[in-house]
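Asks: Got a structure here, written out as structure tokens. Questions coming.
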Amino acid sequence: MSTIVDPVDPFDATGTAATSLLRFATAGSVDDGKSTLVGRLLHDSKSVLADQLEAVERASLGRGQEAPDLALLTDGLRAEREQGITIDVAYRYFATPRRRFILADTPGHVQYTRNMVTGASTAELAVVLVDARNGVVEQTRRHAAVAALLRVPHVVLAVNKMDLVDYAEPVFAAIAEEFTAYAASLGVPEITAIPISALAGDNVVTPSTNMDWYGGPTVLEHLETVPVVADPSEDPARFPVQYVIRPQTPELPDYRGYAGQIASGVLRVGDAVTVLPSGRTSTVEALDVLGQAVDVAWAPQSVTVRLADDLDISRGDLIAPAAAPPVTTQDVEATVCHVADRPLRTGQRVLLKHTTRTVKAIVKDIPSRLTLADLSQHPAPGELAANDIGRVVLRTAEPLALDPYADSRRTGSFLLIDPADGTTLTAGMAGSAFAEAAEAAAAAADDDAEWDF
């Protein structure tokens, strides 16, 4: 099979070319040094502008600090700088000769769990920080659980503040072994442990001279080389229609195109497709990309699809291969994270937004809530409060072409919205909660320790 190469953003199947893009998020307990790590990463990779560094130096001097506090590069809110914590998700964009990055620095507090879900929802890699003095703590396990729920394919354990434990290898080895076993039990597919000192810069961008016992990559080296680009032809095509184009001009009297972004897979001229939820079938007659006709297009390209038949298609419909369409349903079971301050209750009427389609729905049941303190299940809570993670059962007014989140993070996710004011209430992931490895472990455990909530 030949490798598909994007003409705008070329990369190979290993994801190591100069212009490939990696989205990653940082997480960890309070004061584990997340913002300092991000600041060090930006500073040592020469991704900080001179005026930004000068502003940080002035702010640091104003707080009585002799050296620049690199955490201020991401902690931009006044409350964050005053308290020395991260509250909001801070996004940063930077690049090296090998790769471009979109970084989400997420909060560590329990009450900001929803912010971590936001930052990690589109991440291909999560960096979980642990203070070498404290080891794996309760919040570390929470962040591992969220990464597993969101199906983040790569997790880096950054054991920080190694300078405060005399760069001792046994300390790092014990923490790495404990976290790796725990994350693997949740179904996290790949875990990489790296000992660092974000404050001193050890193993962040430059290899540490204080830890010659460690022979692995630095944080930046791993970020630059981790393979995250998959062959899009491995996934079934999913094309949510965003807009119908009908110029009806003398030059284009019969043009009917369906514009949108390919969510997954590959579309080719001549493919037999099904339009959902109607179930009507047709054939891809033409594909237009940036005004030019092409024979093939793939995720995440924005394209215009033209079909051989004139069908009743509008925004919110989904075009999929006739041989591999998603199942349409009005009964949705999902794991959700409630992000609004007002609770989500059984019987509540909501709007469900899935890709470009928005339908009315009702919360039929809330079977359980995940207790973040000990990751146990709390049956039949009746409602979910802000930052709660739980299971819900929804009934929609119209059929949805919904993939399991385990199969597609894009077409398996949705939002619940308040129909009164448009407030986002809940982020949902269709299907089972954790990966198969976690479910198998849960089946073998005691009922009180089950993960399959």
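By order in the structure tokens, chains are A, B, ...; within a chain, residues start at 1; ligands start at 1, following the order shown.
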With only C-alpha atoms as the counted atoms, please give the residues lying no more than 8 Å from Ile262 of chain A, apart from itself and same-chain residues fewer than 4 positions off, as a list in words.

Replies: Ala237, Arg238, Phe239, Pro240, Val266, Trp298, Ala299, Pro300, Gln301, Ser302 and Val303 of chain A

Asks: Quick one: write out the picked residues with N, CA and C atoms as a CSV table (one decimal), in the first residue's frame?

Replies:
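As a result, out.csv now contains:
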chain,number,residue,atom,x,y,z
A,237,ALA,N,-14.1,5.9,6.1
A,237,ALA,CA,-14.3,7.4,5.9
A,237,ALA,C,-15.6,7.9,6.6
A,238,ARG,N,-15.5,9.1,7.1
A,238,ARG,CA,-16.6,9.8,7.7
A,238,ARG,C,-16.5,11.2,7.3
A,239,PHE,N,-17.6,11.7,6.7
A,239,PHE,CA,-17.6,13.0,6.1
A,239,PHE,C,-18.9,13.7,6.6
A,240,PRO,N,-18.8,14.5,7.7
A,240,PRO,CA,-20.0,15.3,8.2
A,240,PRO,C,-20.2,16.5,7.2
A,266,VAL,N,-10.5,7.9,4.1
A,266,VAL,CA,-10.2,8.4,2.7
A,266,VAL,C,-11.4,8.3,1.8
A,298,TRP,N,-8.4,12.9,2.0
A,298,TRP,CA,-8.3,12.2,3.3
A,298,TRP,C,-8.4,13.1,4.5
A,299,ALA,N,-8.6,12.5,5.6
A,299,ALA,CA,-8.7,13.3,6.9
A,299,ALA,C,-7.3,13.9,7.2
A,300,PRO,N,-7.3,15.1,7.7
A,300,PRO,CA,-8.4,16.0,8.0
A,300,PRO,C,-8.6,17.1,7.0
A,301,GLN,N,-8.5,16.8,5.7
A,301,GLN,CA,-8.7,17.8,4.6
A,301,GLN,C,-10.1,18.3,4.6
A,302,SER,N,-10.3,19.6,4.2
A,302,SER,CA,-11.6,20.2,4.0
A,302,SER,C,-11.8,20.1,2.5
A,303,VAL,N,-13.0,19.5,2.1
A,303,VAL,CA,-13.2,19.2,0.7
A,303,VAL,C,-14.7,19.5,0.4

Asks: DSSP on the backbone: what in segment 90-269 of chain A comes out alpha helix (DSSP H), as number ranges by chain?

Replies: A: 113-120, 138-149, 169-185, 219-225

Asks: Show me, as a list in words, the residues that have an atom within 7 Å of Glu398 of chain A when counting only C-alpha atoms, minus same-chain residues fewer than 2 positions from it.

Replies: Gln330, Val359, Thr396 and Leu400 of chain A

Asks: Excluding Ala308 of chain A and residues on its chain fewer than 4 positions from it, collect all residues at most 10 Å away from it, counting only C-alpha atoms, and give them as a ChimeraX atom specification.

Replies: /A:270,272,281-286

Asks: Near Pro326 of chain A, counting only C-alpha atoms, which residues have an atom at most 12 Å away, once you skip same-chain residues fewer than 6 positions from it, shown as a compact mmCIF listing (two decimals) with N, CA and C atoms, in the first residue's frame?

Replies:
# COMPACT_ATOMS: atom_id res chain seq x y z
N ASP A 235 -8.82 3.71 8.55
CA ASP A 235 -10.10 3.99 9.19
C ASP A 235 -11.18 4.18 8.14
N PRO A 236 -12.42 3.78 8.43
CA PRO A 236 -13.51 4.03 7.49
C PRO A 236 -13.77 5.52 7.34
N ALA A 237 -14.13 5.93 6.14
CA ALA A 237 -14.34 7.35 5.87
C ALA A 237 -15.58 7.86 6.59
N ARG A 238 -15.47 9.07 7.12
CA ARG A 238 -16.59 9.76 7.75
C ARG A 238 -16.53 11.22 7.30
N PHE A 239 -17.61 11.68 6.67
CA PHE A 239 -17.63 13.04 6.14
C PHE A 239 -18.92 13.74 6.60
N VAL A 273 -21.18 5.25 -1.57
CA VAL A 273 -21.36 5.85 -0.25
C VAL A 273 -22.83 5.80 0.17
N THR A 274 -23.02 5.91 1.47
CA THR A 274 -24.35 5.99 2.07
C THR A 274 -24.47 7.31 2.81
N VAL A 275 -25.61 7.96 2.68
CA VAL A 275 -25.87 9.21 3.37
C VAL A 275 -26.75 8.91 4.59
N LEU A 276 -26.28 9.28 5.76
CA LEU A 276 -27.00 9.00 7.00
C LEU A 276 -27.48 10.30 7.64
N PRO A 277 -28.65 10.28 8.31
CA PRO A 277 -29.38 9.09 8.72
C PRO A 277 -30.40 8.56 7.71
N GLY A 279 -30.06 6.94 4.89
CA GLY A 279 -29.75 5.64 4.33
C GLY A 279 -29.70 5.60 2.82
N LEU A 318 -24.32 12.73 7.31
CA LEU A 318 -22.99 12.11 7.30
C LEU A 318 -22.86 11.22 6.08
N ILE A 319 -21.79 11.42 5.31
CA ILE A 319 -21.49 10.58 4.15
C ILE A 319 -20.43 9.57 4.57
N ALA A 320 -20.72 8.28 4.36
CA ALA A 320 -19.84 7.21 4.79
C ALA A 320 -19.81 6.12 3.72
N PRO A 399 -32.36 10.08 14.71
CA PRO A 399 -31.25 9.12 14.70
C PRO A 399 -29.90 9.82 14.52
N LEU A 400 -28.88 9.26 15.15
CA LEU A 400 -27.51 9.75 15.04
C LEU A 400 -26.62 8.65 14.48
N ALA A 401 -25.71 9.03 13.60
CA ALA A 401 -24.69 8.10 13.08
C ALA A 401 -23.46 8.23 13.97
N LEU A 402 -23.45 7.48 15.06
CA LEU A 402 -22.46 7.68 16.12
C LEU A 402 -21.54 6.47 16.20
N ASP A 403 -20.24 6.69 16.03
CA ASP A 403 -19.26 5.62 16.22
C ASP A 403 -18.90 5.49 17.70
N PRO A 404 -18.48 4.31 18.15
CA PRO A 404 -17.92 4.21 19.51
C PRO A 404 -16.67 5.08 19.62
N TYR A 405 -16.51 5.74 20.76
CA TYR A 405 -15.36 6.62 20.95
C TYR A 405 -14.05 5.84 20.85
N ASP A 407 -13.37 3.65 18.74
CA ASP A 407 -13.03 3.50 17.33
C ASP A 407 -12.68 4.84 16.68
N SER A 408 -13.33 5.92 17.12
CA SER A 408 -13.08 7.23 16.52
C SER A 408 -13.30 8.32 17.55
N THR A 411 -15.72 11.12 15.63
CA THR A 411 -17.15 10.84 15.42
C THR A 411 -17.76 10.04 16.57
N GLY A 412 -16.98 9.79 17.62
CA GLY A 412 -17.52 9.14 18.81
C GLY A 412 -17.71 10.09 19.96

Asks: Quick one: distance from atom CA of Asp341 of chain A to atom CA of Ser35 of chain A in Å, one decimal?

Replies: 25.8 Å

Asks: Determine the nearest neighbour of Phe414 of chain A from the options A:Thr335, A:Thr209, A:Thr371, A:Ser185, counting only C-alpha atoms.

Replies: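 Looking at the shortest contact to Phe414 of chain A, the residue is A:Thr335.
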
Asks: I'd like the interatomic distance between atom CA of Val226 of chain A and atom CA of Glu124 of chain A, to a tenth of an Å.

Replies: 9.9 Å

Asks: Quick one: of A:Gly347, A:Gly390, A:Pro107, A:Pro170, who's nearest to Gly135 of chain A, counting only C-alpha atoms?

Replies: A:Pro170

Asks: Which value, in Å to one decimal, gives the distance between atom CA of Ile362 of chain A and atom CA of Asp317 of chain A?

Replies: 21.0 Å

Asks: Tell me which protein, DNA and RNA residues are within 9 Å of Gln242 of chain A, counting only C-alpha atoms, leaving out same-chain ones fewer than 4 positions away, and put them as a PyMOL selection string.

Replies: chain A and resi 258-261+314-317+355-357

Asks: Generate a file of the selected residues that holds N, CA and C atoms, formatted as a tab-separated table (two decimals), in the first residue's frame.

Replies:
chain	number	residue	atom	x	y	z
A	258	TYR	N	-21.18	19.28	-1.50
A	258	TYR	CA	-21.36	19.17	-0.05
A	258	TYR	C	-20.00	19.42	0.60
A	259	ALA	N	-19.90	20.55	1.28
A	259	ALA	CA	-18.61	20.99	1.84
A	259	ALA	C	-18.48	20.58	3.30
A	260	GLY	N	-17.26	20.31	3.72
A	260	GLY	CA	-16.99	19.97	5.10
A	260	GLY	C	-15.57	19.47	5.25
A	261	GLN	N	-15.27	18.96	6.44
A	261	GLN	CA	-13.95	18.41	6.74
A	261	GLN	C	-14.08	16.92	6.94
A	314	SER	N	-28.41	17.76	3.69
A	314	SER	CA	-28.26	19.08	4.31
A	314	SER	C	-27.23	18.99	5.42
A	315	ARG	N	-26.95	20.15	6.02
A	315	ARG	CA	-25.98	20.21	7.13
A	315	ARG	C	-26.38	19.22	8.22
A	316	GLY	N	-25.40	18.49	8.72
A	316	GLY	CA	-25.65	17.51	9.76
A	316	GLY	C	-25.71	16.09	9.25
A	317	ASP	N	-25.93	15.89	7.96
A	317	ASP	CA	-25.89	14.54	7.40
A	317	ASP	C	-24.46	14.04	7.35
A	355	THR	N	-20.62	16.16	15.67
A	355	THR	CA	-20.00	16.71	14.46
A	355	THR	C	-20.79	17.96	14.05
A	356	THR	N	-21.42	17.96	12.88
A	356	THR	CA	-22.16	19.15	12.42
A	356	THR	C	-23.65	19.02	12.66
A	357	ARG	N	-24.08	17.99	13.36
A	357	ARG	CA	-25.51	17.73	13.58
A	357	ARG	C	-25.88	18.05	15.02

Asks: Hey, what's within 8 Å of segment 157-169 of chain A if we count only C-alpha atoms and toss same-chain stuff fewer than 5 positions away? As a PyMOL selection string, please?

Replies: chain A and resi 32-33+127-133+175-176+179+191-200+210-211+213

Asks: What are the DSSP strand (DSSP E) residues of segment 159-318 of chain A, as number ranges by chain?

Replies: A: 159-160, 191-195, 239-240, 243-245, 257-261, 266-268, 272-276, 280-289, 292-294, 296-298, 302-307, 318
